[in-house]
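Heads up, entry.cif below (mmCIF, C-alpha atoms):
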data_structure
loop_
_atom_site.label_atom_id
_atom_site.label_comp_id
_atom_site.auth_asym_id
_atom_site.auth_seq_id
_atom_site.Cartn_x
_atom_site.Cartn_y
_atom_site.Cartn_z
CA MET A 468 -38.17 -98.07 29.88
CA SER A 469 -38.00 -95.29 27.28
CA LYS A 470 -38.62 -91.72 28.42
CA ASN A 471 -41.62 -89.89 26.98
CA TYR A 472 -41.34 -86.34 25.68
CA TYR A 473 -43.82 -83.66 24.73
CA SER A 474 -43.14 -82.21 21.32
CA LEU A 475 -44.80 -79.55 19.17
CA GLY A 476 -44.68 -80.02 15.41
CA LEU A 477 -45.15 -77.09 13.01
CA MET A 478 -45.87 -77.80 9.35
CA SER A 479 -46.51 -75.42 6.46
CA GLY A 480 -47.33 -77.30 3.25
CA THR A 481 -47.33 -76.58 -0.47
CA SER A 482 -50.80 -75.03 -0.30
CA MET A 483 -49.10 -72.11 1.51
CA ASP A 484 -52.33 -71.24 3.29
CA GLY A 485 -51.20 -71.58 6.89
CA VAL A 486 -49.50 -73.60 9.64
CA ASP A 487 -50.61 -76.92 11.12
CA ALA A 488 -49.53 -77.23 14.76
CA SER A 489 -49.62 -80.47 16.76
CA ILE A 490 -48.56 -81.39 20.28
CA ILE A 491 -47.85 -85.07 20.85
CA GLN A 492 -46.38 -87.26 23.57
CA THR A 493 -43.86 -89.80 22.33
CA ASN A 494 -40.77 -91.78 23.25
CA GLY A 495 -39.41 -91.21 19.74
CA LYS A 496 -39.63 -94.92 19.06
CA SER A 497 -42.74 -97.05 19.46
CA LYS A 498 -45.27 -94.81 21.21
CA PHE A 499 -47.14 -91.62 20.51
CA LYS A 500 -50.28 -89.91 21.72
CA ALA A 501 -51.93 -86.88 20.13
CA ILE A 502 -52.49 -84.11 22.68
CA LEU A 503 -53.69 -81.08 20.71
CA ASP A 504 -53.96 -80.01 17.05
CA LYS A 505 -54.68 -76.53 15.74
CA TYR A 506 -54.58 -74.79 12.36
CA PHE A 507 -53.37 -71.20 11.98
CA GLU A 508 -54.27 -69.49 8.70
CA TYR A 509 -51.71 -67.16 7.17
CA PRO A 510 -52.78 -63.52 6.84
CA LYS A 511 -53.36 -62.41 3.26
CA ASP A 512 -50.02 -60.59 2.95
CA ILE A 513 -47.93 -63.64 3.95
CA TYR A 514 -49.92 -65.91 1.64
CA GLN A 515 -49.47 -63.54 -1.29
CA ASP A 516 -45.75 -63.00 -0.58
CA LEU A 517 -45.12 -66.75 -0.40
CA THR A 518 -47.03 -67.64 -3.56
CA LYS A 519 -45.43 -64.81 -5.54
CA LEU A 520 -41.96 -65.80 -4.35
CA ARG A 521 -42.55 -69.47 -5.17
CA ASP A 522 -43.63 -68.55 -8.69
CA LYS A 523 -40.40 -66.57 -9.19
CA ILE A 524 -37.98 -69.23 -7.93
CA LYS A 525 -37.75 -71.80 -10.71
CA LYS A 526 -34.01 -72.49 -10.74
CA ARG A 527 -31.19 -72.66 -8.21
CA LYS A 528 -29.76 -69.34 -9.37
CA ASP A 529 -33.04 -67.65 -8.45
CA LEU A 530 -32.23 -68.29 -4.78
CA LYS A 531 -29.36 -65.82 -5.06
CA LYS A 532 -31.31 -63.41 -7.24
CA PHE A 533 -34.12 -63.07 -4.68
CA LYS A 534 -31.94 -63.47 -1.57
CA LYS A 535 -33.15 -60.27 0.14
CA LYS A 536 -36.81 -61.08 -0.47
CA ILE A 537 -36.29 -64.64 0.78
CA LYS A 538 -34.73 -63.36 4.03
CA SER A 539 -37.56 -60.89 4.57
CA ILE A 540 -40.28 -63.50 4.04
CA GLU A 541 -38.38 -66.03 6.16
CA LYS A 542 -38.43 -63.62 9.10
CA ASN A 543 -42.15 -62.94 8.64
CA ILE A 544 -43.15 -66.60 8.54
CA THR A 545 -40.89 -67.38 11.52
CA LEU A 546 -42.63 -64.65 13.50
CA PHE A 547 -45.98 -66.16 12.50
CA HIS A 548 -44.84 -69.67 13.51
CA ALA A 549 -43.69 -68.30 16.87
CA LYS A 550 -47.06 -66.66 17.46
CA ALA A 551 -48.83 -69.91 16.57
CA ALA A 552 -46.51 -71.97 18.78
CA ASN A 553 -46.96 -69.72 21.79
CA GLU A 554 -50.72 -69.73 21.35
CA ILE A 555 -51.09 -73.51 21.19
CA ILE A 556 -48.62 -73.98 24.08
CA LYS A 557 -50.85 -71.78 26.25
CA LYS A 558 -53.80 -74.09 25.54
CA THR A 559 -52.15 -77.09 27.16
CA LYS A 560 -50.70 -77.70 30.62
CA VAL A 561 -47.90 -79.98 29.44
CA ASN A 562 -44.31 -78.78 29.25
CA ILE A 563 -43.08 -78.77 25.65
CA ASP A 564 -39.60 -80.29 25.43
CA PHE A 565 -38.97 -79.58 21.74
CA ILE A 566 -40.47 -77.85 18.73
CA GLY A 567 -40.14 -79.65 15.40
CA PHE A 568 -39.99 -76.83 12.85
CA HIS A 569 -40.40 -77.99 9.26
CA GLY A 570 -40.32 -74.48 7.80
CA HIS A 571 -41.69 -73.70 4.37
CA THR A 572 -40.21 -75.36 1.29
CA ILE A 573 -39.47 -72.66 -1.24
CA PHE A 574 -37.22 -74.68 -3.55
CA HIS A 575 -36.57 -78.39 -3.97
CA SER A 576 -34.49 -79.83 -6.81
CA VAL A 577 -32.96 -83.29 -6.80
CA ASP A 578 -32.50 -83.88 -10.53
CA THR A 579 -29.00 -85.27 -10.17
CA TYR A 580 -26.93 -86.80 -7.40
CA LYS A 581 -24.30 -84.07 -7.73
CA ASP A 582 -26.65 -81.10 -7.63
CA ARG A 583 -29.32 -81.67 -5.02
CA VAL A 584 -30.69 -78.75 -3.07
CA THR A 585 -33.71 -78.16 -0.86
CA VAL A 586 -34.48 -74.90 0.92
CA GLN A 587 -36.97 -74.56 3.75
CA LEU A 588 -37.68 -71.03 4.95
CA GLY A 589 -37.59 -70.76 8.73
CA ASP A 590 -35.15 -69.33 11.27
CA GLY A 591 -34.73 -71.93 14.01
CA GLU A 592 -32.61 -69.63 16.18
CA LEU A 593 -35.25 -66.90 16.11
CA LEU A 594 -38.08 -69.34 16.78
CA SER A 595 -36.22 -70.73 19.80
CA LYS A 596 -35.70 -67.23 21.15
CA LEU A 597 -39.35 -66.23 20.71
CA THR A 598 -40.79 -69.43 22.22
CA ASN A 599 -38.20 -70.20 24.92
CA ARG A 600 -38.05 -73.74 23.64
CA LYS A 601 -35.44 -75.99 22.05
CA VAL A 602 -36.10 -76.12 18.32
CA VAL A 603 -35.26 -78.86 15.86
CA TYR A 604 -35.25 -77.79 12.22
CA ASP A 605 -33.43 -78.24 8.88
CA PHE A 606 -34.42 -81.91 8.78
CA ARG A 607 -33.44 -82.65 5.18
CA GLN A 608 -29.81 -81.59 4.75
CA ASN A 609 -28.10 -84.65 6.25
CA ASP A 610 -30.16 -86.90 4.03
CA LEU A 611 -29.02 -84.95 0.95
CA LYS A 612 -25.39 -85.19 2.08
CA ASN A 613 -25.82 -88.97 2.19
CA GLY A 614 -27.18 -89.25 -1.34
CA GLY A 615 -30.89 -89.00 -0.51
CA CYS A 616 -33.58 -86.79 -1.99
CA GLY A 617 -34.42 -85.13 1.33
CA ALA A 618 -38.00 -86.38 1.12
CA PRO A 619 -40.36 -87.95 1.91
CA LEU A 620 -39.59 -87.87 5.66
CA VAL A 621 -42.98 -88.84 7.11
CA PRO A 622 -42.81 -92.64 6.36
CA ILE A 623 -41.26 -93.57 9.73
CA PHE A 624 -44.25 -91.87 11.39
CA HIS A 625 -46.69 -93.69 9.10
CA ARG A 626 -45.15 -96.93 10.30
CA LEU A 627 -45.68 -95.82 13.91
CA ILE A 628 -49.36 -95.03 13.20
CA ALA A 629 -49.82 -98.55 11.86
CA LYS A 630 -48.28 -99.97 15.05
CA VAL A 631 -50.17 -97.76 17.51
CA LYS A 632 -53.52 -98.18 15.75
CA LYS A 633 -52.92 -101.91 15.26
CA ILE A 634 -53.39 -101.69 11.49
CA ASN A 635 -52.58 -104.99 9.85
CA LEU A 636 -49.72 -104.97 7.37
CA PRO A 637 -49.13 -104.60 4.50
CA VAL A 638 -50.77 -101.21 4.08
CA SER A 639 -50.08 -98.07 2.05
CA PHE A 640 -50.38 -94.56 3.46
CA VAL A 641 -50.97 -92.09 0.65
CA ASN A 642 -50.72 -88.38 1.30
CA ILE A 643 -52.45 -86.11 -1.20
CA GLY A 644 -50.83 -82.71 -0.80
CA GLY A 645 -49.41 -80.55 -3.56
CA ILE A 646 -47.36 -83.62 -4.39
CA ALA A 647 -48.77 -87.09 -3.69
CA ASN A 648 -46.56 -89.59 -1.91
CA GLU A 649 -46.88 -93.18 -0.76
CA THR A 650 -45.52 -95.11 2.20
CA GLN A 651 -45.70 -98.89 2.06
CA ALA A 652 -45.55 -100.35 5.58
CA ARG A 653 -44.58 -104.01 5.18
CA ASN A 654 -42.80 -106.78 7.02
CA ASP A 655 -40.97 -108.24 4.01
CA ILE A 656 -38.50 -105.40 3.35
CA PRO A 657 -35.60 -103.73 5.24
CA ASN A 658 -36.75 -101.34 7.97
CA GLY A 659 -40.35 -102.32 7.13
CA LEU A 660 -40.74 -99.32 4.81
CA TYR A 661 -40.74 -98.35 1.18
CA ALA A 662 -41.71 -94.83 0.10
CA LYS A 663 -41.68 -92.46 -2.84
CA ASP A 664 -43.46 -89.47 -4.28
CA ILE A 665 -46.11 -90.59 -6.75
CA GLY A 666 -46.32 -87.34 -8.71
CA PRO A 667 -48.67 -84.35 -8.79
CA GLY A 668 -51.40 -84.35 -6.18
CA ASN A 669 -53.25 -81.06 -5.77
CA CYS A 670 -50.58 -78.77 -7.24
CA MET A 671 -51.80 -78.46 -10.83
CA LEU A 672 -55.48 -78.47 -9.89
CA ASP A 673 -54.88 -75.78 -7.26
CA ALA A 674 -52.84 -73.73 -9.75
CA TRP A 675 -55.69 -73.94 -12.28
CA ILE A 676 -58.26 -72.80 -9.72
CA ARG A 677 -56.06 -69.92 -8.56
CA LYS A 678 -55.46 -68.85 -12.15
CA LYS A 679 -59.14 -68.80 -13.11
CA THR A 680 -60.77 -67.70 -9.84
CA LYS A 681 -60.05 -65.98 -6.52
CA LYS A 682 -60.33 -69.34 -4.75
CA LYS A 683 -57.30 -71.27 -3.48
CA TYR A 684 -58.53 -74.76 -4.37
CA ASP A 685 -61.51 -76.77 -5.63
CA ASP A 686 -63.48 -77.17 -2.40
CA LYS A 687 -64.89 -80.73 -2.21
CA GLY A 688 -64.31 -81.03 -5.97
CA LEU A 689 -67.50 -79.09 -6.71
CA ILE A 690 -65.97 -77.26 -9.70
CA ALA A 691 -64.60 -80.42 -11.32
CA ARG A 692 -67.92 -82.19 -10.74
CA ARG A 693 -69.59 -79.66 -13.04
CA GLY A 694 -67.05 -80.26 -15.80
CA GLU A 695 -66.81 -82.92 -18.48
CA ILE A 696 -64.48 -85.90 -18.21
CA ILE A 697 -63.94 -87.66 -21.54
CA ASN A 698 -67.55 -87.05 -22.57
CA ASN A 699 -66.61 -86.01 -26.07
CA SER A 700 -63.78 -86.54 -28.52
CA ARG A 701 -62.14 -83.19 -27.89
CA ASN A 702 -61.82 -83.73 -24.16
CA ALA A 703 -60.82 -87.36 -24.70
CA ARG A 704 -57.88 -86.38 -26.88
CA ASN A 705 -56.75 -83.55 -24.64
CA THR A 706 -57.04 -85.55 -21.43
CA ASP A 707 -55.00 -88.33 -23.01
CA VAL A 708 -52.36 -85.84 -24.11
CA LEU A 709 -52.24 -84.34 -20.62
CA SER A 710 -51.92 -87.79 -19.03
CA SER A 711 -49.23 -88.91 -21.46
CA LYS A 712 -47.15 -85.77 -20.83
CA ILE A 713 -47.21 -86.35 -17.08
CA PHE A 714 -46.46 -90.06 -17.34
CA GLU A 715 -43.58 -89.29 -19.71
CA LEU A 716 -42.16 -86.86 -17.14
CA LEU A 717 -42.62 -89.34 -14.28
CA THR A 718 -40.91 -92.09 -16.28
CA MET A 719 -37.94 -89.81 -16.87
CA PHE A 720 -37.76 -89.00 -13.15
CA SER A 721 -38.03 -92.68 -12.25
CA LEU A 722 -35.10 -93.59 -14.50
CA SER A 723 -33.01 -90.91 -12.75
CA GLY A 724 -33.56 -92.62 -9.39
CA ARG A 725 -35.59 -89.77 -7.95
CA LYS A 726 -37.90 -90.46 -5.03
CA SER A 727 -38.99 -86.88 -4.53
CA PHE A 728 -40.64 -84.20 -6.68
CA ASP A 729 -41.38 -80.51 -6.37
CA ILE A 730 -44.52 -78.68 -7.47
CA ASN A 731 -42.35 -76.74 -9.94
CA ASP A 732 -41.78 -80.02 -11.78
CA PHE A 733 -45.39 -79.90 -12.97
CA SER A 734 -46.70 -76.84 -14.79
CA LEU A 735 -50.10 -76.27 -16.37
CA PRO A 736 -50.05 -77.40 -20.01
CA ASP A 737 -51.14 -75.07 -22.80
CA ILE A 738 -53.92 -77.44 -23.89
CA LEU A 739 -55.96 -76.39 -20.85
CA GLU A 740 -56.29 -72.81 -22.08
CA THR A 741 -59.02 -73.72 -24.57
CA HIS A 742 -61.21 -75.16 -21.81
CA SER A 743 -63.62 -73.73 -19.30
CA LEU A 744 -62.81 -73.57 -15.58
CA GLU A 745 -65.02 -76.60 -14.92
CA ASP A 746 -63.72 -78.73 -17.79
CA GLY A 747 -60.10 -77.94 -16.93
CA ALA A 748 -60.68 -78.94 -13.30
CA ALA A 749 -62.42 -82.13 -14.44
CA MET A 750 -59.52 -83.03 -16.74
CA LEU A 751 -56.91 -82.46 -14.04
CA THR A 752 -58.93 -84.51 -11.55
CA GLU A 753 -59.12 -87.29 -14.14
CA VAL A 754 -55.33 -87.22 -14.54
CA ILE A 755 -54.86 -87.55 -10.76
CA LYS A 756 -57.23 -90.51 -10.79
CA ARG A 757 -55.34 -92.22 -13.62
CA LEU A 758 -52.02 -91.59 -11.89
CA PHE A 759 -53.25 -93.17 -8.66
CA HIS A 760 -54.78 -96.16 -10.38
CA PHE A 761 -51.56 -96.78 -12.28
CA SER A 762 -49.19 -96.23 -9.34
CA LEU A 763 -51.10 -97.97 -6.55
CA GLN A 764 -51.85 -101.34 -8.09
CA HIS A 765 -50.55 -103.37 -5.14
CA SER A 766 -52.36 -106.66 -4.78
CA LYS A 767 -54.85 -106.61 -1.90
CA ARG A 768 -52.99 -103.79 -0.16
CA ARG A 769 -55.25 -101.33 1.64
CA ILE A 770 -54.71 -97.65 0.96
CA ILE A 771 -55.12 -95.11 3.75
CA LEU A 772 -55.52 -91.55 2.50
CA CYS A 773 -54.05 -88.54 4.34
CA GLY A 774 -53.66 -84.87 3.47
CA GLY A 775 -55.94 -82.12 2.20
CA GLY A 776 -56.74 -83.96 -1.02
CA ARG A 777 -58.77 -86.52 0.90
CA LYS A 778 -61.41 -83.78 1.37
CA ASN A 779 -61.97 -83.57 -2.37
CA ILE A 780 -65.13 -85.68 -2.34
CA PHE A 781 -65.39 -85.81 -6.12
CA LEU A 782 -61.78 -87.05 -6.46
CA ILE A 783 -62.31 -89.75 -3.83
CA GLU A 784 -65.45 -90.92 -5.62
CA GLN A 785 -63.45 -91.21 -8.84
CA LEU A 786 -60.61 -93.09 -7.12
CA LYS A 787 -63.03 -95.67 -5.74
CA LYS A 788 -64.52 -96.41 -9.15
CA LYS A 789 -63.30 -99.34 -11.20
CA PRO A 790 -60.52 -98.18 -13.54
CA ASP A 791 -61.24 -97.99 -17.26
CA ALA A 792 -58.34 -100.32 -18.05
CA LYS A 793 -59.35 -103.97 -17.61
CA SER A 794 -55.89 -104.85 -16.28
CA LEU A 795 -56.28 -102.52 -13.28
CA LYS A 796 -58.21 -103.27 -10.09
CA PRO A 797 -60.41 -100.93 -8.02
CA LEU A 798 -58.50 -99.27 -5.18
CA ASN A 799 -59.25 -100.37 -1.62
CA ILE A 800 -59.37 -96.89 -0.05
CA LYS A 801 -60.08 -95.68 3.48
CA LEU A 802 -59.56 -92.24 5.01
CA ILE A 803 -57.08 -92.11 7.88
CA ASP A 804 -59.75 -90.36 9.98
CA LYS A 805 -61.52 -93.74 10.24
CA PHE A 806 -58.63 -94.91 12.44
CA GLY A 807 -58.94 -92.07 14.94
CA ILE A 808 -56.24 -89.89 13.33
CA ASP A 809 -57.08 -86.40 12.08
CA GLY A 810 -55.85 -86.48 8.50
CA ASP A 811 -55.21 -82.74 8.49
CA PHE A 812 -52.43 -83.04 11.07
CA VAL A 813 -50.47 -86.18 10.16
CA GLU A 814 -47.47 -84.21 8.90
CA SER A 815 -47.36 -81.74 11.81
CA GLN A 816 -47.55 -84.68 14.23
CA ALA A 817 -44.82 -86.38 12.20
CA PHE A 818 -42.39 -83.49 12.60
CA ALA A 819 -43.08 -83.41 16.31
CA TYR A 820 -42.08 -87.08 16.33
CA LEU A 821 -39.04 -86.50 14.09
CA ALA A 822 -37.83 -83.79 16.46
CA ILE A 823 -37.58 -86.34 19.28
CA ARG A 824 -35.90 -88.90 17.04
CA SER A 825 -33.37 -86.23 16.04
CA TYR A 826 -32.66 -85.49 19.70
CA LEU A 827 -32.23 -89.21 20.41
CA LYS A 828 -29.98 -89.54 17.32
CA LEU A 829 -32.31 -92.09 15.75
CA PRO A 830 -32.64 -92.29 11.94
CA ILE A 831 -35.46 -90.40 10.25
CA SER A 832 -34.76 -91.45 6.64
CA PHE A 833 -33.74 -94.70 5.01
CA PRO A 834 -32.46 -95.99 1.67
CA GLU A 835 -35.93 -97.38 1.00
CA THR A 836 -37.65 -94.02 1.65
CA THR A 837 -35.40 -91.23 0.32
CA GLY A 838 -32.69 -93.14 -1.53
CA CYS A 839 -29.96 -92.24 0.98
CA LYS A 840 -26.94 -94.53 1.20
CA LYS A 841 -27.65 -95.58 4.80
CA PRO A 842 -30.20 -94.80 7.54
CA CYS A 843 -29.73 -91.12 8.40
CA ILE A 844 -30.30 -89.03 11.46
CA GLY A 845 -31.42 -85.48 10.74
CA GLY A 846 -32.47 -82.19 12.25
CA VAL A 847 -30.42 -79.37 13.74
CA ILE A 848 -31.09 -78.70 17.43
CA VAL A 849 -30.86 -75.12 18.69
CA LYS A 850 -31.38 -73.46 22.05
CA ASN A 851 -31.42 -69.65 21.93
CA PHE A 852 -32.89 -68.48 25.25
#

Kindly return the structure encoded in the file as structure tokens.
Amino acid sequence: MSKNYYSLGLMSGTSMDGVDASIIQTNGKSKFKAILDKYFEYPKDIYQDLTKLRDKIKKRKDLKKFKKKIKSIEKNITLFHAKAANEIIKKTKVNIDFIGFHGHTIFHSVDTYKDRVTVQLGDGELLSKLTNRKVVYDFRQNDLKNGGCGAPLVPIFHRLIAKVKKINLPVSFVNIGGIANETQARNDIPNGLYAKDIGPGNCMLDAWIRKKTKKKYDDKGLIARRGEIINNSRNARNTDVLSSKIFELLTMFSLSGRKSFDINDFSLPDILETHSLEDGAAMLTEVIKRLFHFSLQHSKRRIILCGGGRKNIFLIEQLKKKPDAKSLKPLNIKLIDKFGIDGDFVESQAFAYLAIRSYLKLPISFPETTGCKKPCIGGVIVKNF
């Protein structure tokens, strides 16, 4: 009988607004139970430092150029993660065996097989010292060494959710974060999984909102709802141009064998500058809708939505509508919350699970999920107390 462990997962996503923390019980294989989830918002100074740094680091050489700033911010976010970890640990009586520390992705480039690099800010040694817990971090490097893209890493946890919640296969889990990604849980393929990043999720829409307002994102899609979507010839042409540029970029990435993207791969196009805040948001929402309809045309496969984008009510309404193209079918969409899983904490729960798999030396990535040559273990385990 497999031993159960208590694990705390810490996840800071591309929105850079805070840390999701989740305590789960799991055997690292076929079982898991959510114990406690909590969100910790970054203070204004950390949020501003992170977003400014991300906007500066566009190329690999920038990592060296801003090395001192990176180290300073890494220490600050590690201190914040430690504070969050200690606070949530106090709220539960269970003994935490491991902390799965994703860190904060500041640079991710996998354009070629020879030059693949991903950098997550987060000092595992310091976190272990401040929490008196074993910490598992740096989950992506072994995958890169074995020819993978380092992401997505959550698919093995999606598969577990399907098993625990008795969700009939095949099914697709789609996470709408800064980048949108899909996990296909099926019985007709090796390891029962196929996964890839779809393309831009919230990243361009969030960037547009931040550029034009003091808000961080389009809450519930209320801004886009007030805009125009292909209601006149000008918007029709520009939305088509925007869509074609993104699809051209995605096609190029696909031909390169990439399974993973970074938000820096998708910048705001100049054509948006002639539009109002509302119309620009509407156009970008329309592009996300088209991308999903094109990418998720799997016959009769249900789609379960996770991530912050599932709270964009206007976007979800658009996704459920019948596509304009006659060859495409309406998407069969459900929110993951309908299955008793809080969609805000899937990734933090996942890294709690991956921490235990790393300890047990079980694979966390597969050729069908990241493009690695063989199933890979991952995660560096540290004890500094």

Explicit residues for the PyMOL selection byres ((chain A and resi 709-715) around 10) (as a PDB file with C-alpha atoms, keeping the file's coordinate frame):
ATOM      1  CA  GLY A 666     -46.320 -87.340  -8.710  1.00  0.00           C
ATOM      2  CA  PRO A 667     -48.670 -84.350  -8.790  1.00  0.00           C
ATOM      3  CA  ALA A 703     -60.820 -87.360 -24.700  1.00  0.00           C
ATOM      4  CA  ARG A 704     -57.880 -86.380 -26.880  1.00  0.00           C
ATOM      5  CA  ASN A 705     -56.750 -83.550 -24.640  1.00  0.00           C
ATOM      6  CA  THR A 706     -57.040 -85.550 -21.430  1.00  0.00           C
ATOM      7  CA  ASP A 707     -55.000 -88.330 -23.010  1.00  0.00           C
ATOM      8  CA  VAL A 708     -52.360 -85.840 -24.110  1.00  0.00           C
ATOM      9  CA  LEU A 716     -42.160 -86.860 -17.140  1.00  0.00           C
ATOM     10  CA  LEU A 717     -42.620 -89.340 -14.280  1.00  0.00           C
ATOM     11  CA  THR A 718     -40.910 -92.090 -16.280  1.00  0.00           C
ATOM     12  CA  MET A 719     -37.940 -89.810 -16.870  1.00  0.00           C
ATOM     13  CA  PHE A 720     -37.760 -89.000 -13.150  1.00  0.00           C
ATOM     14  CA  SER A 721     -38.030 -92.680 -12.250  1.00  0.00           C
ATOM     15  CA  ASP A 732     -41.780 -80.020 -11.780  1.00  0.00           C
ATOM     16  CA  PHE A 733     -45.390 -79.900 -12.970  1.00  0.00           C
ATOM     17  CA  SER A 734     -46.700 -76.840 -14.790  1.00  0.00           C
ATOM     18  CA  LEU A 735     -50.100 -76.270 -16.370  1.00  0.00           C
ATOM     19  CA  PRO A 736     -50.050 -77.400 -20.010  1.00  0.00           C
ATOM     20  CA  ASP A 737     -51.140 -75.070 -22.800  1.00  0.00           C
ATOM     21  CA  ILE A 738     -53.920 -77.440 -23.890  1.00  0.00           C
ATOM     22  CA  LEU A 739     -55.960 -76.390 -20.850  1.00  0.00           C
ATOM     23  CA  MET A 750     -59.520 -83.030 -16.740  1.00  0.00           C
ATOM     24  CA  LEU A 751     -56.910 -82.460 -14.040  1.00  0.00           C
ATOM     25  CA  GLU A 753     -59.120 -87.290 -14.140  1.00  0.00           C
ATOM     26  CA  VAL A 754     -55.330 -87.220 -14.540  1.00  0.00           C
ATOM     27  CA  ILE A 755     -54.860 -87.550 -10.760  1.00  0.00           C
ATOM     28  CA  ARG A 757     -55.340 -92.220 -13.620  1.00  0.00           C
ATOM     29  CA  LEU A 758     -52.020 -91.590 -11.890  1.00  0.00           C
ATOM     30  CA  PHE A 761     -51.560 -96.780 -12.280  1.00  0.00           C
TER      31      PHE A 761
END

Show me, as a PDB file with C-alpha atoms, in the coordinates of the input, the residues that have an atom within 6 Å of segment 799-805 of chain A when counting all atoms listed in the file, minus same-chain residues fewer than 5 positions from it.
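Output below, filename out32.pdb:
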ATOM      1  CA  ARG A 769     -55.250-101.330   1.640  1.00  0.00           C
ATOM      2  CA  ILE A 770     -54.710 -97.650   0.960  1.00  0.00           C
ATOM      3  CA  ILE A 771     -55.120 -95.110   3.750  1.00  0.00           C
ATOM      4  CA  LEU A 772     -55.520 -91.550   2.500  1.00  0.00           C
ATOM      5  CA  CYS A 773     -54.050 -88.540   4.340  1.00  0.00           C
ATOM      6  CA  GLY A 810     -55.850 -86.480   8.500  1.00  0.00           C
TER       7      GLY A 810
END

**Request:** For the structure shown, which residues end up in the PyMOL selection byres ((chain A and resi 777) around 12)? Put them as a PyMOL selection string, please?
**Result:** chain A and resi 640-645+647+668-669+686-688+770-776+778-786+800-804+809-811

**Prompt:** Selected by the PyMOL selection byres ((chain A and resi 728-731) around 10) in the shown coordinates: which residues, as a PyMOL selection string?
**Reply:** chain A and resi 481+521-522+524-526+572-578+585+616+618-619+645-648+663-671+674+717+720+725-727+732-734

**Message:** I'd like to know which of A:Gly617, A:Ile844, A:Lys632, A:His569 is closest to Arg583 of chain A, using all atoms listed in the file.
**Reply:**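 Once distances to Arg583 of chain A are computed over all atoms listed in the file, the minimum belongs to A:Gly617.
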
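Environment of (-46.6, -109.6, 9.2): residues at most 9 Å away, judged by all atoms listed in the file, are Asn635, Leu636, Pro637, Arg653, Asn654 and Asp655 of chain A.
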
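Contact shell of segment 824-831 of chain A at 7 Å (all atoms listed in the file; same-chain neighbours under 6 positions omitted): Gly495, Leu620, Ile623, Pro842, Cys843, Ile844, Gly845 and Gly846 of chain A.
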
Create the file for the chosen residues now, containing C-alpha atoms and written as an mmCIF file, in the frame of the given file.
data_model
loop_
_atom_site.group_PDB
_atom_site.id
_atom_site.type_symbol
_atom_site.label_atom_id
_atom_site.label_comp_id
_atom_site.auth_asym_id
_atom_site.auth_seq_id
_atom_site.Cartn_x
_atom_site.Cartn_y
_atom_site.Cartn_z
ATOM 1 C CA GLY A 495 -39.410 -91.210 19.740
ATOM 2 C CA LEU A 620 -39.590 -87.870 5.660
ATOM 3 C CA ILE A 623 -41.260 -93.570 9.730
ATOM 4 C CA PRO A 842 -30.200 -94.800 7.540
ATOM 5 C CA CYS A 843 -29.730 -91.120 8.400
ATOM 6 C CA ILE A 844 -30.300 -89.030 11.460
ATOM 7 C CA GLY A 845 -31.420 -85.480 10.740
ATOM 8 C CA GLY A 846 -32.470 -82.190 12.250
#

**d(atom CA of Leu798 of chain A, atom CA of Arg626 of chain A) in Å** =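 Taking atom CA of Leu798 of chain A as the start and atom CA of Arg626 of chain A as the end point, the length is 20.6 Å.
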
Would you mind completing segment 799-808 of chain A so that it carries N, CA and C atoms, and writing it out as a short mmCIF file (atom, residue, chain, number, x, y, z; two decimals), in the frame of the given file?
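Listed below is the output, selection_39.cif:
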data_model
loop_
_atom_site.label_atom_id
_atom_site.label_comp_id
_atom_site.auth_asym_id
_atom_site.auth_seq_id
_atom_site.Cartn_x
_atom_site.Cartn_y
_atom_site.Cartn_z
N ASN A 799 -58.65 -100.13 -2.93
CA ASN A 799 -59.25 -100.37 -1.62
C ASN A 799 -58.87 -99.20 -0.71
N ILE A 800 -59.71 -98.15 -0.69
CA ILE A 800 -59.37 -96.89 -0.05
C ILE A 800 -60.16 -96.65 1.23
N LYS A 801 -59.44 -96.17 2.25
CA LYS A 801 -60.08 -95.68 3.48
C LYS A 801 -59.40 -94.38 3.88
N LEU A 802 -60.15 -93.47 4.49
CA LEU A 802 -59.56 -92.24 5.01
C LEU A 802 -58.92 -92.51 6.36
N ILE A 803 -57.80 -91.87 6.63
CA ILE A 803 -57.08 -92.11 7.88
C ILE A 803 -57.92 -91.71 9.09
N ASP A 804 -58.88 -90.80 8.88
CA ASP A 804 -59.75 -90.36 9.98
C ASP A 804 -60.54 -91.53 10.58
N LYS A 805 -60.78 -92.57 9.77
CA LYS A 805 -61.52 -93.74 10.24
C LYS A 805 -60.76 -94.50 11.32
N PHE A 806 -59.46 -94.22 11.44
CA PHE A 806 -58.63 -94.91 12.44
C PHE A 806 -58.34 -94.03 13.65
N GLY A 807 -59.10 -92.94 13.79
CA GLY A 807 -58.94 -92.07 14.94
C GLY A 807 -57.78 -91.09 14.82
N ILE A 808 -57.31 -90.85 13.59
CA ILE A 808 -56.24 -89.89 13.33
C ILE A 808 -56.81 -88.77 12.47
#
